[in-house]
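Below is one structure, written out as structure tokens; the observations come after it.
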Amino acid sequence: MLVALELIAFSLNMFFEPHSIAAGGATGIAILLQAGWKIPTFISVLSINIVMLVLAYIHLDRQTTIKLAIGSFMLPLLLYITPVYNLIPNNRVISIIVGSIIFGIGLAILYTLNMSSGGTTVPPMIIYKNFGVDKYISLFIIDGLVCLGNFALNDLISFLLAVMSVGISSLAIKGFGIFHQRHITQ
């Protein structure tokens, strides 16, 4: 789990934050807050995660809340420890492609472990529990709204890069799942 969370923190601090691209989730909201108001991403992620943990405690079962708590506190810590550095300074497109693949692999490992980094994964769980709406649909809507923040705070290209990132991360998650199924579970 720690490796998965560090992959996520690494991708955010080396590829997304230096270019101010928010590709969804609590981390995307944090990148927007950092770009617009210079609030450190780890503080925003921690704050969002604490609010989401309170909601999880109220609306979800104890075991789920405990699993969410681990990732909710570890990811902000890793975001704090991992330096922000622009590994690919001259090409936002390549940077976002590489970052999205690493981010997707980190998420895929978490999903394989039935874990989460907290944040905006909580509202879809609550919505699913209470209304039966598929978690992926509500998460897609949340990520879409965060991606729109790029357009509001930056420009159309940033928005398009964020949308591209969501697609690439999803493909990386799917690809990791297929690889895991074929090579690890045999």
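By order in the structure tokens, chains are A, B, ...; within a chain, residues start at 1; ligands start at 1, following the order shown.
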Once you count only C-alpha atoms, what closest atom pair and distance in Å to one decimal does each residue of region 69-153 of chain A within 6 Å of region 47-65 of chain A have, with rows by chain and rising residue number, as CSV?
```
residue,atom,partner,partner_atom,distance
A:Ser72,CA,A:Asn49,CA,5.5
A:Gly118,CA,A:Asn49,CA,5.9
A:Gly119,CA,A:Asn49,CA,4.7
```
Would you please give, as number ranges by chain, all residues of region 67-180 of chain A that DSSP assigns to helix (DSSP H, G or I) based on the backbone?
A: 67-81, 92-112, 119-131, 135-153, 156-180
Nearest residue to Phe159 (chain A) out of A:Asp143, A:Asn91, A:Ala172, A:Pro18, using only C-alpha atoms?
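Among the listed residues, A:Asp143 lies closest to Phe159 (chain A).
Taking CA of Asn114 (chain A) and CA of Ala69 (chain A) as the two end points, the separation is 13.1 Å.
Minimum atom-to-atom distances from A:Leu148, A:Leu68, A:His183, A:Asp155 to Met125 (chain A) were compared using only C-alpha atoms, and the lowest value belongs to A:Leu68.
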Mind checking which residues fall within 7 Å of region 74-89 of chain A, counting only C-alpha atoms, ignoring those fewer than 6 positions away in the same chain, and posting them as a ChimeraX atom specification?
/A:5-6,9-10,13-15,18,42,45-46,95,117
Would you write out those residues with all heavy atoms, as a compact mmCIF listing (two decimals), in the first residue's frame?
```txt
# COMPACT_ATOMS: atom_id res chain seq x y z
N LEU A 5 0.77 4.37 -2.71
CA LEU A 5 0.56 5.76 -2.31
C LEU A 5 1.75 6.64 -2.71
O LEU A 5 1.57 7.79 -3.11
CB LEU A 5 0.30 5.85 -0.81
CG LEU A 5 -1.05 5.29 -0.35
CD1 LEU A 5 -1.09 5.16 1.17
CD2 LEU A 5 -2.20 6.15 -0.86
N GLU A 6 2.97 6.09 -2.64
CA GLU A 6 4.13 6.87 -3.06
C GLU A 6 4.14 7.06 -4.58
O GLU A 6 4.55 8.13 -5.06
CB GLU A 6 5.43 6.22 -2.60
CG GLU A 6 6.68 7.01 -2.99
CD GLU A 6 6.67 8.49 -2.61
OE1 GLU A 6 6.15 8.86 -1.53
OE2 GLU A 6 7.17 9.31 -3.41
N ALA A 9 1.83 9.97 -4.98
CA ALA A 9 2.47 11.21 -4.53
C ALA A 9 3.57 11.65 -5.51
O ALA A 9 3.67 12.83 -5.86
CB ALA A 9 3.06 11.03 -3.13
N PHE A 10 4.37 10.70 -5.97
CA PHE A 10 5.44 10.98 -6.93
C PHE A 10 4.86 11.56 -8.22
O PHE A 10 5.34 12.58 -8.72
CB PHE A 10 6.23 9.70 -7.21
CG PHE A 10 7.33 9.86 -8.22
CD1 PHE A 10 8.55 10.39 -7.84
CD2 PHE A 10 7.14 9.48 -9.54
CE1 PHE A 10 9.58 10.53 -8.76
CE2 PHE A 10 8.15 9.63 -10.48
CZ PHE A 10 9.38 10.15 -10.09
N ASN A 13 3.55 15.18 -7.54
CA ASN A 13 4.57 16.18 -7.25
C ASN A 13 5.59 16.37 -8.37
O ASN A 13 6.22 17.43 -8.45
CB ASN A 13 5.29 15.85 -5.95
CG ASN A 13 4.45 16.15 -4.74
OD1 ASN A 13 3.33 16.65 -4.84
ND2 ASN A 13 4.98 15.86 -3.57
N MET A 14 5.76 15.39 -9.23
CA MET A 14 6.75 15.49 -10.30
C MET A 14 6.14 15.83 -11.67
O MET A 14 6.85 16.34 -12.54
CB MET A 14 7.53 14.17 -10.44
CG MET A 14 8.25 13.74 -9.20
SD MET A 14 9.62 14.84 -8.82
CE MET A 14 10.03 14.30 -7.18
N PHE A 15 4.86 15.54 -11.87
CA PHE A 15 4.28 15.70 -13.20
C PHE A 15 3.04 16.61 -13.24
O PHE A 15 2.86 17.34 -14.20
CB PHE A 15 3.92 14.33 -13.79
CG PHE A 15 5.11 13.41 -13.88
CD1 PHE A 15 5.29 12.40 -12.96
CD2 PHE A 15 6.06 13.58 -14.88
CE1 PHE A 15 6.40 11.56 -13.03
CE2 PHE A 15 7.17 12.76 -14.96
CZ PHE A 15 7.34 11.74 -14.03
N PRO A 18 3.74 20.63 -10.93
CA PRO A 18 4.59 21.61 -11.60
C PRO A 18 3.92 22.28 -12.81
O PRO A 18 4.28 23.38 -13.18
CB PRO A 18 5.81 20.79 -12.05
CG PRO A 18 5.85 19.63 -11.10
CD PRO A 18 4.40 19.32 -10.80
N PHE A 42 -0.41 19.17 0.20
CA PHE A 42 -0.59 18.18 1.28
C PHE A 42 -1.58 18.68 2.33
O PHE A 42 -2.32 17.90 2.90
CB PHE A 42 0.76 17.78 1.91
CG PHE A 42 1.36 18.80 2.85
CD1 PHE A 42 1.13 18.72 4.21
CD2 PHE A 42 2.16 19.83 2.36
CE1 PHE A 42 1.68 19.65 5.07
CE2 PHE A 42 2.72 20.76 3.22
CZ PHE A 42 2.47 20.67 4.58
N VAL A 45 -5.11 18.31 0.69
CA VAL A 45 -5.50 16.90 0.64
C VAL A 45 -5.85 16.40 2.04
O VAL A 45 -6.87 15.72 2.23
CB VAL A 45 -4.40 16.03 0.00
CG1 VAL A 45 -4.70 14.54 0.15
CG2 VAL A 45 -4.23 16.38 -1.48
N LEU A 46 -5.05 16.74 3.02
CA LEU A 46 -5.33 16.33 4.40
C LEU A 46 -6.68 16.89 4.87
O LEU A 46 -7.50 16.16 5.44
CB LEU A 46 -4.22 16.78 5.35
CG LEU A 46 -4.40 16.41 6.82
CD1 LEU A 46 -4.45 14.89 7.00
CD2 LEU A 46 -3.27 17.01 7.65
N SER A 95 4.72 15.10 -19.94
CA SER A 95 4.70 15.06 -18.48
C SER A 95 3.39 14.49 -17.96
O SER A 95 3.38 13.63 -17.06
CB SER A 95 4.93 16.47 -17.92
OG SER A 95 5.06 16.43 -16.52
N SER A 117 -7.04 5.94 -1.25
CA SER A 117 -6.30 7.08 -0.71
C SER A 117 -7.26 8.08 -0.08
O SER A 117 -6.86 9.17 0.31
CB SER A 117 -5.48 7.75 -1.82
OG SER A 117 -6.33 8.19 -2.86
```
With only C-alpha atoms as the atoms that count, which of A:Gly25, A:Gly177, A:Gly99, A:Gly36 lies nearest to Ile141 (chain A)?
A:Gly25
Two-atom distance - CA of Leu2 (chain A), CA of Phe16 (chain A) (Å)
20.0 Å
Just how far from CA of Gly28 (chain A) is CA of Ala152 (chain A), in Å to one decimal?
13.4 Å
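Using only C-alpha atoms, the shortest contact distance between Ile8 (chain A) and any of A:Asn90, A:Ser138, A:Thr27, A:Ser44 is found at A:Thr27.
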